[in-house]
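For reference, start-v9.tsv (TSV, C-alpha atoms):
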chain	number	residue	atom	x	y	z
I	1	MET	CA	-13.70	5.43	-22.95
I	2	THR	CA	-14.54	8.95	-21.77
I	3	THR	CA	-13.66	12.15	-23.58
I	4	PRO	CA	-10.92	14.18	-21.84
I	5	LEU	CA	-11.93	17.36	-20.09
I	6	LEU	CA	-9.35	19.32	-22.11
I	7	SER	CA	-7.13	18.38	-25.05
I	8	LEU	CA	-4.89	20.81	-26.88
I	9	THR	CA	-2.07	20.93	-29.40
I	10	TRP	CA	0.52	23.71	-29.34
I	11	THR	CA	2.87	24.63	-32.18
I	12	ASP	CA	6.16	26.35	-31.36
I	13	HIS	CA	6.56	29.53	-33.37
I	14	VAL	CA	10.37	29.14	-33.47
I	15	THR	CA	10.89	25.50	-34.49
I	16	GLY	CA	7.46	24.43	-35.71
I	17	ARG	CA	7.55	21.49	-33.31
I	18	GLN	CA	4.42	20.50	-31.44
I	19	GLY	CA	3.53	20.01	-27.81
I	20	PHE	CA	0.40	18.59	-26.22
I	21	LEU	CA	-1.61	18.79	-23.02
I	22	VAL	CA	-4.49	16.54	-22.04
I	23	ILE	CA	-6.47	16.98	-18.82
I	24	ASP	CA	-8.42	13.76	-18.38
I	25	ARG	CA	-10.31	14.91	-15.27
I	26	LEU	CA	-10.09	17.25	-12.29
I	27	VAL	CA	-10.57	16.39	-8.63
I	28	ARG	CA	-11.03	19.38	-6.36
I	29	GLY	CA	-10.12	21.45	-9.41
I	30	VAL	CA	-6.63	19.97	-9.85
I	31	SER	CA	-4.95	17.31	-12.01
I	32	SER	CA	-1.60	15.53	-11.89
I	33	GLY	CA	0.64	14.17	-14.63
I	34	GLY	CA	4.21	14.48	-15.84
I	35	LEU	CA	5.67	16.08	-18.94
I	36	ARG	CA	7.56	13.91	-21.42
I	37	MET	CA	9.77	14.82	-24.36
I	38	ARG	CA	10.50	12.35	-27.11
I	39	PRO	CA	10.62	12.35	-30.91
I	40	GLY	CA	7.30	11.20	-32.29
I	41	CYS	CA	5.26	12.08	-29.22
I	42	ALA	CA	1.64	12.52	-30.31
I	43	LEU	CA	-1.70	13.65	-28.92
I	44	ASP	CA	-3.21	10.14	-28.74
I	45	GLU	CA	-0.23	8.97	-26.70
I	46	VAL	CA	-0.61	11.86	-24.26
I	47	ALA	CA	-4.34	11.23	-23.96
I	48	GLY	CA	-3.74	7.59	-23.06
I	49	LEU	CA	-1.18	8.60	-20.44
I	50	ALA	CA	-3.61	11.13	-18.96
I	51	ARG	CA	-6.28	8.44	-18.58
I	52	GLY	CA	-3.69	6.27	-16.88
I	53	MET	CA	-2.90	9.07	-14.43
I	54	SER	CA	-6.56	9.29	-13.41
I	55	MET	CA	-6.44	5.61	-12.55
I	56	LYS	CA	-3.13	5.88	-10.68
I	57	GLU	CA	-4.56	8.62	-8.50
I	58	ALA	CA	-7.70	6.60	-7.79
I	59	LEU	CA	-5.74	3.41	-7.03
I	60	HIS	CA	-3.76	5.18	-4.31
I	61	TYR	CA	-6.81	6.73	-2.66
I	62	ASP	CA	-6.81	6.16	1.10
I	63	PRO	CA	-9.63	7.81	3.05
I	64	GLU	CA	-7.44	7.86	6.17
I	65	ALA	CA	-4.51	9.63	4.46
I	66	ARG	CA	-3.79	13.33	4.10
I	67	TYR	CA	-2.94	12.79	0.44
I	68	VAL	CA	-5.81	14.18	-1.58
I	69	PRO	CA	-6.34	12.28	-4.85
I	70	LEU	CA	-6.12	14.47	-7.92
I	71	GLY	CA	-7.37	14.12	-11.46
I	72	GLY	CA	-5.24	12.75	-14.29
I	73	ALA	CA	-3.33	14.75	-16.90
I	74	LYS	CA	-0.24	14.54	-19.10
I	75	GLY	CA	1.95	16.79	-21.21
I	76	GLY	CA	4.14	15.87	-24.15
I	77	ILE	CA	6.59	17.51	-26.56
I	78	ASP	CA	7.58	16.05	-29.91
I	79	CYS	CA	11.37	16.49	-29.77
I	80	ASP	CA	14.50	14.52	-29.01
I	81	PRO	CA	15.68	15.75	-25.57
I	82	ARG	CA	19.26	15.56	-26.88
I	83	ASP	CA	18.46	18.11	-29.61
I	84	PRO	CA	20.25	21.46	-29.08
I	85	GLU	CA	16.87	23.18	-29.47
I	86	ALA	CA	15.17	21.02	-26.84
I	87	TYR	CA	15.66	23.22	-23.77
I	88	GLY	CA	14.48	26.43	-25.42
I	89	LEU	CA	11.50	24.53	-26.77
I	90	LEU	CA	10.71	23.30	-23.26
I	91	VAL	CA	10.80	26.82	-21.83
I	92	ARG	CA	8.48	28.13	-24.54
I	93	TYR	CA	6.09	25.20	-24.02
I	94	LEU	CA	5.91	25.94	-20.30
I	95	GLN	CA	5.35	29.63	-21.02
I	96	ALA	CA	2.43	28.69	-23.26
I	97	MET	CA	1.06	26.29	-20.64
I	98	ARG	CA	1.60	28.68	-17.74
I	99	PRO	CA	-2.12	29.48	-17.20
I	100	TYR	CA	-2.92	25.78	-16.90
I	101	ILE	CA	0.03	25.02	-14.59
I	102	GLU	CA	-0.86	27.96	-12.37
I	103	SER	CA	-4.50	26.93	-12.18
I	104	PHE	CA	-5.08	23.17	-12.41
I	105	TRP	CA	-2.20	21.09	-13.89
I	106	THR	CA	0.60	19.86	-11.62
I	107	THR	CA	3.47	18.33	-13.57
I	108	GLY	CA	7.03	17.08	-13.28
I	109	GLU	CA	9.63	14.84	-14.89
I	110	ASP	CA	8.75	12.05	-17.27
I	111	LEU	CA	10.40	10.30	-20.20
I	112	GLY	CA	13.24	12.41	-21.60
I	113	LEU	CA	13.12	15.09	-18.90
I	114	SER	CA	14.63	15.12	-15.41
I	115	GLN	CA	13.06	17.07	-12.56
I	116	ASP	CA	15.96	19.50	-12.29
I	117	VAL	CA	15.58	20.41	-15.98
I	118	VAL	CA	11.81	20.85	-15.56
I	119	ASP	CA	12.36	23.02	-12.48
I	120	ARG	CA	14.95	25.21	-14.22
I	121	ALA	CA	12.77	25.66	-17.30
I	122	ALA	CA	9.69	26.37	-15.16
I	123	ALA	CA	11.55	29.16	-13.36
I	124	GLU	CA	12.58	30.68	-16.71
I	125	ALA	CA	8.96	30.45	-17.83
I	126	GLY	CA	7.92	32.56	-14.83
I	127	LEU	CA	6.34	29.78	-12.78
I	128	VAL	CA	6.59	29.51	-9.01
I	129	SER	CA	6.68	25.70	-9.26
I	130	SER	CA	5.57	22.96	-11.62
I	131	VAL	CA	3.14	21.80	-8.90
I	132	GLN	CA	1.89	25.18	-7.71
I	133	ALA	CA	-1.74	24.42	-8.66
I	134	VAL	CA	-1.98	22.05	-5.70
I	135	TYR	CA	-0.79	24.60	-3.14
I	136	PRO	CA	-4.30	25.90	-2.31
I	137	LEU	CA	-5.23	22.36	-1.18
I	138	LEU	CA	-2.45	22.28	1.45
I	139	ASP	CA	-3.08	23.04	5.11
I	140	ASP	CA	0.42	24.45	5.54
I	141	GLU	CA	1.87	25.47	2.19
I	142	THR	CA	5.18	26.73	3.58
I	143	GLY	CA	5.80	23.59	5.61
I	144	ALA	CA	4.72	21.31	2.78
I	145	ARG	CA	6.98	22.98	0.23
I	146	ARG	CA	9.90	22.83	2.64
I	147	ARG	CA	9.26	19.14	3.30
I	148	LEU	CA	9.21	18.31	-0.42
I	149	ALA	CA	12.36	20.36	-1.07
I	150	ASP	CA	14.10	18.57	1.79
I	151	ALA	CA	13.03	15.21	0.34
I	152	PHE	CA	14.46	16.11	-3.06
I	153	ALA	CA	17.75	17.02	-1.39
I	154	VAL	CA	18.12	13.55	0.18
I	155	GLU	CA	20.65	11.23	-1.48
I	156	VAL	CA	21.10	7.48	-1.13
I	157	ASP	CA	24.51	6.15	-2.19
I	158	GLY	CA	24.99	9.25	-4.34
I	159	ILE	CA	21.58	9.02	-6.04
I	160	GLY	CA	18.68	11.34	-5.24
I	161	LEU	CA	15.77	9.84	-3.32
I	162	ASP	CA	13.42	11.16	-6.01
I	163	GLU	CA	15.27	9.04	-8.59
I	164	LEU	CA	14.85	5.87	-6.52
I	165	VAL	CA	11.25	5.87	-5.32
I	166	GLY	CA	9.74	4.80	-8.64
I	167	GLY	CA	12.12	1.87	-9.04
I	168	CYS	CA	11.46	0.82	-5.47
I	169	GLY	CA	7.76	0.62	-6.34
I	170	VAL	CA	8.39	-1.40	-9.51
I	171	ALA	CA	10.60	-3.82	-7.61
I	172	GLU	CA	7.99	-4.33	-4.89
I	173	SER	CA	5.36	-5.12	-7.52
I	174	VAL	CA	7.64	-7.75	-9.05
I	175	LEU	CA	8.50	-9.23	-5.65
I	176	THR	CA	4.81	-9.41	-4.73
I	177	ALA	CA	4.06	-11.35	-7.93
I	178	LEU	CA	6.92	-13.75	-7.21
I	179	ASP	CA	5.74	-14.25	-3.63
I	180	ARG	CA	2.20	-15.06	-4.77
I	181	ALA	CA	3.60	-17.61	-7.24
I	182	GLY	CA	6.02	-19.10	-4.70
I	183	VAL	CA	9.03	-18.39	-6.91
I	184	PRO	CA	12.35	-17.89	-5.05
I	185	TYR	CA	14.11	-14.61	-5.70
I	186	TRP	CA	17.50	-16.25	-6.19
I	187	ARG	CA	16.16	-18.31	-9.10
I	188	THR	CA	14.66	-15.30	-10.88
I	189	ARG	CA	16.42	-13.64	-13.82
I	190	VAL	CA	15.54	-10.16	-15.05
I	191	ALA	CA	15.98	-8.24	-18.31
I	192	VAL	CA	15.57	-4.45	-18.24
I	193	GLN	CA	14.99	-2.16	-21.19
I	194	GLY	CA	16.26	1.30	-20.26
I	195	LEU	CA	18.71	2.16	-17.50
I	196	GLY	CA	17.48	5.68	-16.81
I	197	THR	CA	15.83	6.83	-13.60
I	198	MET	CA	13.13	4.14	-13.46
I	199	GLY	CA	14.98	1.24	-15.06
I	200	GLY	CA	18.20	1.88	-13.18
I	201	ALA	CA	16.52	2.06	-9.78
I	202	THR	CA	14.43	-1.02	-10.53
I	203	ALA	CA	17.54	-3.00	-11.47
I	204	ARG	CA	19.25	-1.88	-8.26
I	205	PHE	CA	16.37	-2.85	-5.95
I	206	LEU	CA	15.76	-6.20	-7.65
I	207	THR	CA	19.46	-7.08	-7.51
I	208	ARG	CA	19.62	-6.18	-3.83
I	209	ALA	CA	16.58	-8.38	-3.22
I	210	GLY	CA	18.50	-11.34	-4.64
I	211	LEU	CA	17.33	-11.46	-8.26
I	212	THR	CA	19.83	-11.66	-11.13
I	213	VAL	CA	19.80	-9.03	-13.87
I	214	VAL	CA	21.02	-10.81	-17.01
I	215	ALA	CA	20.29	-8.16	-19.67
I	216	VAL	CA	20.13	-4.38	-19.85
I	217	ALA	CA	19.24	-2.42	-22.98
I	218	ASP	CA	20.03	1.21	-23.76
I	219	ILE	CA	20.20	3.30	-26.93
I	220	LYS	CA	23.46	1.60	-27.97
I	221	GLY	CA	22.17	-1.96	-27.70
I	222	THR	CA	21.73	-4.74	-25.15
I	223	ILE	CA	24.35	-5.82	-22.62
I	224	THR	CA	23.98	-9.43	-21.52
I	225	ASN	CA	25.60	-11.86	-19.12
I	226	PRO	CA	23.78	-15.10	-18.21
I	227	ALA	CA	25.75	-15.24	-14.94
I	228	GLY	CA	24.50	-11.78	-13.98
I	229	LEU	CA	25.54	-8.20	-14.72
I	230	ASP	CA	27.27	-5.92	-12.23
I	231	VAL	CA	24.35	-3.53	-11.91
I	232	GLU	CA	26.15	-1.07	-9.62
I	233	ALA	CA	29.05	-0.77	-12.08
I	234	LEU	CA	26.64	-0.17	-14.98
I	235	LEU	CA	24.74	2.47	-13.00
I	236	ALA	CA	27.99	4.26	-12.20
I	237	ALA	CA	28.91	4.23	-15.89
I	238	ARG	CA	25.65	5.85	-17.14
I	239	ASP	CA	25.38	9.26	-18.70
I	240	ALA	CA	22.47	11.64	-18.03
I	241	TYR	CA	20.28	9.73	-20.50
I	242	GLY	CA	20.93	6.26	-19.09
I	243	THR	CA	23.46	5.21	-21.74
I	244	VAL	CA	26.20	2.94	-20.37
I	245	ASP	CA	29.86	3.52	-21.16
I	246	ARG	CA	30.94	0.20	-22.67
I	247	ALA	CA	34.39	0.62	-21.13
I	248	ALA	CA	32.77	-0.46	-17.84
I	249	LEU	CA	31.84	-3.93	-19.17
I	250	ARG	CA	33.47	-6.99	-17.61
I	251	PRO	CA	35.06	-9.86	-19.57
I	252	GLY	CA	31.91	-11.99	-19.26
I	253	ASP	CA	29.59	-9.26	-20.50
I	254	ARG	CA	28.49	-9.37	-24.12
I	255	GLU	CA	26.92	-6.83	-26.47
I	256	ALA	CA	23.84	-7.71	-28.51
I	257	PRO	CA	21.33	-5.85	-30.70
I	258	GLY	CA	19.03	-3.32	-29.07
I	259	ASP	CA	15.98	-5.60	-29.10
I	260	ALA	CA	17.79	-8.66	-27.72
I	261	TRP	CA	16.39	-7.98	-24.24
I	262	LEU	CA	12.99	-9.18	-25.46
I	263	ALA	CA	14.24	-12.74	-26.00
I	264	ALA	CA	16.50	-12.88	-22.96
I	265	GLU	CA	16.34	-16.07	-20.93
I	266	ALA	CA	14.69	-14.41	-17.97
I	267	GLU	CA	11.60	-14.84	-15.87
I	268	VAL	CA	10.88	-11.10	-15.66
I	269	LEU	CA	11.05	-8.40	-18.33
I	270	VAL	CA	11.03	-4.76	-17.25
I	271	PRO	CA	10.35	-2.36	-20.15
I	272	ALA	CA	11.40	0.93	-18.57
I	273	ALA	CA	12.12	3.15	-21.56
I	274	VAL	CA	9.49	3.99	-24.16
I	275	SER	CA	5.82	3.46	-24.88
I	276	TYR	CA	4.74	0.80	-27.38
I	277	ALA	CA	7.96	-1.24	-27.05
I	278	ILE	CA	6.13	-4.58	-27.26
I	279	ASP	CA	3.79	-5.17	-30.20
I	280	THR	CA	1.97	-8.08	-31.81
I	281	THR	CA	5.06	-9.11	-33.76
I	282	ASN	CA	7.91	-8.95	-31.27
I	283	GLN	CA	5.84	-10.38	-28.41
I	284	GLU	CA	6.41	-13.79	-30.03
I	285	ARG	CA	10.05	-13.63	-28.94
I	286	ILE	CA	9.20	-13.27	-25.25
I	287	THR	CA	9.64	-16.34	-23.04
I	288	ALA	CA	9.44	-14.53	-19.67
I	289	ARG	CA	6.64	-15.29	-17.24
I	290	TRP	CA	6.07	-11.70	-16.12
I	291	ILE	CA	6.37	-8.27	-17.73
I	292	ALA	CA	6.50	-5.36	-15.29
I	293	GLU	CA	5.57	-2.11	-17.03
I	294	ALA	CA	8.00	0.37	-15.50
I	295	ALA	CA	7.47	2.62	-18.51
I	296	ASN	CA	4.07	4.04	-19.43
I	297	MET	CA	2.14	1.98	-22.00
I	298	PRO	CA	5.08	-0.17	-23.18
I	299	VAL	CA	2.84	-3.12	-24.17
I	300	ARG	CA	0.26	-2.56	-26.87
I	301	PRO	CA	-3.21	-3.87	-25.94
I	302	GLU	CA	-3.30	-6.35	-28.84
I	303	ALA	CA	0.09	-7.71	-27.80
I	304	GLU	CA	-1.08	-8.06	-24.20
I	305	ASP	CA	-3.99	-10.23	-25.34
I	306	LEU	CA	-1.59	-12.53	-27.17
I	307	LEU	CA	0.79	-12.65	-24.22
I	308	ALA	CA	-2.04	-13.50	-21.83
I	309	ALA	CA	-3.09	-16.37	-24.09
I	310	ARG	CA	0.46	-17.72	-23.78
I	311	GLY	CA	0.45	-17.45	-19.99
I	312	VAL	CA	2.57	-14.30	-19.75
I	313	THR	CA	1.34	-11.92	-17.03
I	314	VAL	CA	1.64	-8.19	-17.65
I	315	LEU	CA	1.87	-6.23	-14.41
I	316	PRO	CA	0.26	-2.95	-15.59
I	317	ASP	CA	1.86	0.47	-15.55
I	318	VAL	CA	-1.02	2.08	-13.64
I	319	VAL	CA	0.00	-0.08	-10.68
I	320	VAL	CA	3.69	-0.85	-11.20
I	321	ASN	CA	5.13	2.62	-11.88
I	322	SER	CA	2.73	4.62	-9.72
I	323	ALA	CA	5.02	5.09	-6.71
I	324	THR	CA	6.82	8.14	-8.11
I	325	ASN	CA	3.61	10.15	-8.41
I	326	ALA	CA	2.30	8.91	-5.07
I	327	TRP	CA	5.58	9.69	-3.26
I	328	TRP	CA	5.37	13.33	-4.35
I	329	TRP	CA	1.92	13.68	-2.83
I	330	TRP	CA	2.56	11.55	0.26
I	331	THR	CA	5.46	13.90	1.00
I	332	LEU	CA	3.79	17.17	0.09
I	333	PHE	CA	0.57	16.44	1.99
I	334	GLY	CA	2.50	15.16	5.01
I	335	ASP	CA	1.78	11.42	5.10
I	336	ILE	CA	5.55	10.86	5.18
I	337	GLY	CA	8.53	13.07	5.93
I	338	ALA	CA	11.76	13.78	4.08
I	339	ASP	CA	13.30	10.56	5.34
I	340	VAL	CA	14.75	7.64	3.37
I	341	ASP	CA	13.62	4.83	5.65
I	342	GLU	CA	10.14	6.28	6.04
I	343	ALA	CA	9.76	6.79	2.29
I	344	PHE	CA	10.87	3.30	1.32
I	345	ALA	CA	8.82	1.65	4.07
I	346	HIS	CA	5.67	3.50	2.96
I	347	ILE	CA	6.29	2.68	-0.71
I	348	ARG	CA	6.94	-0.99	0.00
I	349	ARG	CA	3.84	-1.34	2.15
I	350	SER	CA	1.58	0.54	-0.26
I	351	MET	CA	2.86	-1.07	-3.47
I	352	ARG	CA	2.72	-4.58	-2.06
I	353	ALA	CA	-0.86	-4.05	-0.92
I	354	LEU	CA	-1.91	-2.54	-4.25
I	355	THR	CA	-0.20	-5.22	-6.36
I	356	ASP	CA	-1.58	-8.02	-4.21
I	357	ARG	CA	-5.09	-6.54	-4.41
I	358	THR	CA	-4.80	-6.24	-8.19
I	359	LEU	CA	-3.56	-9.80	-8.73
I	360	ALA	CA	-6.20	-11.19	-6.36
I	361	ARG	CA	-8.95	-9.32	-8.23
I	362	ALA	CA	-7.62	-10.62	-11.55
I	363	GLU	CA	-7.71	-14.18	-10.28
I	364	ALA	CA	-11.19	-13.77	-8.83
I	365	ASP	CA	-12.58	-12.17	-11.99
I	366	GLY	CA	-10.69	-14.45	-14.38
I	367	THR	CA	-9.18	-11.47	-16.16
I	368	THR	CA	-5.87	-9.68	-16.62
I	369	PRO	CA	-4.19	-7.56	-13.93
I	370	ARG	CA	-4.77	-4.48	-16.10
I	371	ALA	CA	-8.50	-5.12	-16.29
I	372	ALA	CA	-8.51	-5.76	-12.55
I	373	ALA	CA	-6.67	-2.48	-11.84
I	374	HIS	CA	-9.14	-0.60	-14.03
I	375	ALA	CA	-12.03	-2.20	-12.16
I	376	ILE	CA	-10.56	-1.23	-8.78
I	377	ALA	CA	-10.05	2.36	-9.99
I	378	ALA	CA	-13.61	2.45	-11.38
I	379	ASP	CA	-14.92	1.37	-7.99
I	380	ARG	CA	-13.04	4.15	-6.24
I	381	LEU	CA	-13.79	7.07	-8.56
I	382	PRO	CA	-17.41	7.48	-7.40
I	383	VAL	CA	-16.23	7.38	-3.78
I	384	ILE	CA	-13.69	10.11	-4.51
I	385	ALA	CA	-16.36	12.13	-6.31
I	386	GLU	CA	-18.74	11.83	-3.36
I	387	ARG	CA	-16.09	12.95	-0.88
I	388	PHE	CA	-14.42	15.69	-2.91
I	389	GLY	CA	-17.17	16.95	-5.15
I	390	ARG	CA	-17.58	17.16	-8.90
I	391	HIS	CA	-14.92	15.62	-11.07
I	392	ARG	CA	-14.76	14.40	-14.60
Structure re-expressed in structure tokens:
Amino acid sequence: MTTPLLSLTWTDHVTGRQGFLVIDRLVRGVSSGGLRMRPGCALDEVAGLARGMSMKEALHYDPEARYVPLGGAKGGIDCDPRDPEAYGLLVRYLQAMRPYIESFWTTGEDLGLSQDVVDRAAAEAGLVSSVQAVYPLLDDETGARRRLADAFAVEVDGIGLDELVGGCGVAESVLTALDRAGVPYWRTRVAVQGLGTMGGATARFLTRAGLTVVAVADIKGTITNPAGLDVEALLAARDAYGTVDRAALRPGDREAPGDAWLAAEAEVLVPAAVSYAIDTTNQERITARWIAEAANMPVRPEAEDLLAARGVTVLPDVVVNSATNAWWWWTLFGDIGADVDEAFAHIRRSMRALTDRTLARAEADGTTPRAAAHAIAADRLPVIAERFGRHR
């Protein structure tokens, strides 16, 4: 495990709360990684996420594409985003991090923060954009910024395209795994932890592909229905944090404890909320065949070893949830336009190829998909270094 290029801890002079920034590596002088806000966020967590971002960038490297791979980074703030002090804290954090964001850290929404909140806080902090460090790498900055803004303005059934691309990628990873195993979609049940941006979009795409979502967990608990939940109704009944209004439940829907999703009778589990959701103890309750990591680092490494020994396949976050980051850069660099059909087609094609390559490598090497994804990324990093110069 390499030492990050930069690791820092910031303490807010108003609240005493802490924020973190880890730059794992730079490619062409720039790094990419979102900013999360959650109570208990710590430096080690942010460092692990930054390493993951380096791998996500490498995994999506295409020498024929305009998208220039970047280095990996991550930011984190130890605060509940629902706290009345959260927004002011965010603005002060971005003010403190302004030199890094202006120079070599591109960031955006992550757990606990939506892109519109990040954009508003960035403007108050005096930033041009949360991704302005990448602008010098663009051939046509004005056109690229307009294209990305246009893409963020696109809505699909009342939901922003930017809120759907990540879930589309997760769904395609799951569907690729099912296809390789010869499992029919209509016989596949799914349990989702978290109905925010990533979890909600994943549930929508999987349902529309013919799978049955039988459990959804949010901060209030787990909603279950063995016959299948009305995903569209639940999505319409969410608040800004992904919490479902229980008044929207149907007669056949039932409420269960918050961790009931783990033991749901389902073939696929989608942890899409927090890191470290599955540990060595609660993994014993899982009977699913696949776990698709829509969240970052939801399965602890020790738990993954135990799951693998029981025949449970973990589809790793560095592959599964990488479409959001890639979509930003595909759009900004001009590989795709601000178009729904073009975006989804590119995501589906890219995510299926990446997931299939990862699972094939795992089978060939006799290892886990995570180890296979790391090996693929390790193979590509020297190639990226040779083409784009020094990185770390």
Self-check item: Neighbour list for stretch 229-236 of chain I as a list in words, cut-off 7 Å, only C-alpha atoms, skip fewer than 6 positions in-chain
Solution: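 In the requested format, the answer is Gly200, Ala203, Arg204, Val213, Val214, Val244 and Ala248 of chain I.
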Could you write out that same residue set with C-alpha atoms as a short mmCIF file (atom, residue, chain, number, x, y, z; two decimals), keeping the file's coordinate frame?
data_model
loop_
_atom_site.label_atom_id
_atom_site.label_comp_id
_atom_site.auth_asym_id
_atom_site.auth_seq_id
_atom_site.Cartn_x
_atom_site.Cartn_y
_atom_site.Cartn_z
CA GLY I 200 18.20 1.88 -13.18
CA ALA I 203 17.54 -3.00 -11.47
CA ARG I 204 19.25 -1.88 -8.26
CA VAL I 213 19.80 -9.03 -13.87
CA VAL I 214 21.02 -10.81 -17.01
CA VAL I 244 26.20 2.94 -20.37
CA ALA I 248 32.77 -0.46 -17.84
#
Practice problem: Find, counting only C-alpha atoms, the residue in I:Ser31, I:Thr176, I:Gln283, I:Ser7 that gets nearest to I:Glu304. | Solution: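 Among I:Ser31, I:Thr176, I:Gln283, I:Ser7, it is I:Gln283 that comes nearest to I:Glu304.
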Practice problem: Name the residues, using the chain letters and numbers of the file, that sit within 6 Å of (14.1, 15.3, -33.0) when counting all atoms listed in the file, and give them as a PyMOL selection string. | Solution: chain I and resi 39+79-80
Quiz item: Could you pull the residues within 9 Å of stretch 49-59 of chain I, counting all atoms listed in the file, minus those fewer than 6 positions along the same chain, as number ranges by chain?
Solution: I: 2, 4, 21-26, 31-33, 68-75, 296-297, 317-319, 321-322, 325-326, 354, 373-374, 376-381, 384
Store the residues picked out above, limited to C-alpha atoms, as a compact mmCIF listing (two decimals), in the coordinates of the input.
# COMPACT_ATOMS: atom_id res chain seq x y z
CA THR I 2 -14.54 8.95 -21.77
CA PRO I 4 -10.92 14.18 -21.84
CA LEU I 21 -1.61 18.79 -23.02
CA VAL I 22 -4.49 16.54 -22.04
CA ILE I 23 -6.47 16.98 -18.82
CA ASP I 24 -8.42 13.76 -18.38
CA ARG I 25 -10.31 14.91 -15.27
CA LEU I 26 -10.09 17.25 -12.29
CA SER I 31 -4.95 17.31 -12.01
CA SER I 32 -1.60 15.53 -11.89
CA GLY I 33 0.64 14.17 -14.63
CA VAL I 68 -5.81 14.18 -1.58
CA PRO I 69 -6.34 12.28 -4.85
CA LEU I 70 -6.12 14.47 -7.92
CA GLY I 71 -7.37 14.12 -11.46
CA GLY I 72 -5.24 12.75 -14.29
CA ALA I 73 -3.33 14.75 -16.90
CA LYS I 74 -0.24 14.54 -19.10
CA GLY I 75 1.95 16.79 -21.21
CA ASN I 296 4.07 4.04 -19.43
CA MET I 297 2.14 1.98 -22.00
CA ASP I 317 1.86 0.47 -15.55
CA VAL I 318 -1.02 2.08 -13.64
CA VAL I 319 0.00 -0.08 -10.68
CA ASN I 321 5.13 2.62 -11.88
CA SER I 322 2.73 4.62 -9.72
CA ASN I 325 3.61 10.15 -8.41
CA ALA I 326 2.30 8.91 -5.07
CA LEU I 354 -1.91 -2.54 -4.25
CA ALA I 373 -6.67 -2.48 -11.84
CA HIS I 374 -9.14 -0.60 -14.03
CA ILE I 376 -10.56 -1.23 -8.78
CA ALA I 377 -10.05 2.36 -9.99
CA ALA I 378 -13.61 2.45 -11.38
CA ASP I 379 -14.92 1.37 -7.99
CA ARG I 380 -13.04 4.15 -6.24
CA LEU I 381 -13.79 7.07 -8.56
CA ILE I 384 -13.69 10.11 -4.51
Self-check item: Test item: residues at most 9 Å from I:Ala303, all atoms listed in the file, excluding those fewer than 6 positions along its chain, as a ChimeraX atom specification
Solution: /I:278-283
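Computed from the coordinates, the atom CA of I:Pro251 to atom CA of I:Lys220 distance equals 18.3 Å.
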Exercise. Skip I:Asp335 itself and residues of its chain fewer than 6 positions away, then list as a PyMOL selection string all residues within 10 Å of it, counting all atoms listed in the file.
Key: chain I and resi 64-67+327+329+342-343+346
Quiz prompt | atom CA of I:Ser350 to atom CA of I:Gly169, distance in Å rounded to a single decimal | solution =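 Between these atoms lies a distance of 8.7 Å.
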Exercise. Could you tell me which of I:Val183, I:Asp339, I:Trp105, I:Gly221 comes closest to I:Val154 if we count all atoms listed in the file?
Key: I:Asp339
Quiz prompt | Between atom CA of I:Leu307 and atom CA of I:Thr188 - distance in Å to one decimal | solution = 19.4 Å
Quiz item: Hey, which of I:Cys41, I:Val27, I:Ala86, I:Ala338 ends up closest to I:Tyr276? Count only C-alpha atoms.
Solution: I:Cys41
Quiz prompt | Proximity to I:Gln115 - best of I:Trp290, I:Phe20, I:Phe152, I:Tyr241, only C-alpha atoms | solution = I:Phe152
Self-check item: Nearest residue to I:Ala292 from the set I:Arg36, I:Arg357, I:Arg370, I:Arg238 (distances using all atoms listed in the file)
Solution: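 Of the candidates, the smallest distance to I:Ala292 is held by I:Arg370.
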Since fewer atoms than expected are present, regenerate N, CA, C and O atoms for stretch 261-266 of chain I and write them as a PDB file, keeping the file's coordinate frame.
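Generated file (result33.pdb):
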ATOM      1  N   TRP I 261      16.948  -7.828 -25.586  1.00  0.00           N
ATOM      2  CA  TRP I 261      16.390  -7.980 -24.240  1.00  0.00           C
ATOM      3  C   TRP I 261      15.039  -8.695 -24.260  1.00  0.00           C
ATOM      4  O   TRP I 261      14.682  -9.382 -23.304  1.00  0.00           O
ATOM      5  N   LEU I 262      14.306  -8.552 -25.360  1.00  0.00           N
ATOM      6  CA  LEU I 262      12.990  -9.180 -25.460  1.00  0.00           C
ATOM      7  C   LEU I 262      13.075 -10.698 -25.339  1.00  0.00           C
ATOM      8  O   LEU I 262      12.214 -11.327 -24.722  1.00  0.00           O
ATOM      9  N   ALA I 263      14.105 -11.283 -25.952  1.00  0.00           N
ATOM     10  CA  ALA I 263      14.240 -12.740 -26.000  1.00  0.00           C
ATOM     11  C   ALA I 263      15.194 -13.261 -24.940  1.00  0.00           C
ATOM     12  O   ALA I 263      15.580 -14.433 -24.989  1.00  0.00           O
ATOM     13  N   ALA I 264      15.580 -12.438 -23.997  1.00  0.00           N
ATOM     14  CA  ALA I 264      16.500 -12.880 -22.960  1.00  0.00           C
ATOM     15  C   ALA I 264      15.912 -14.041 -22.170  1.00  0.00           C
ATOM     16  O   ALA I 264      14.702 -14.110 -21.944  1.00  0.00           O
ATOM     17  N   GLU I 265      16.778 -14.956 -21.764  1.00  0.00           N
ATOM     18  CA  GLU I 265      16.340 -16.070 -20.930  1.00  0.00           C
ATOM     19  C   GLU I 265      16.174 -15.550 -19.506  1.00  0.00           C
ATOM     20  O   GLU I 265      17.089 -15.572 -18.696  1.00  0.00           O
ATOM     21  N   ALA I 266      14.985 -15.050 -19.251  1.00  0.00           N
ATOM     22  CA  ALA I 266      14.690 -14.410 -17.970  1.00  0.00           C
ATOM     23  C   ALA I 266      13.238 -14.670 -17.618  1.00  0.00           C
ATOM     24  O   ALA I 266      12.392 -14.875 -18.507  1.00  0.00           O
TER      25      ALA I 266
END
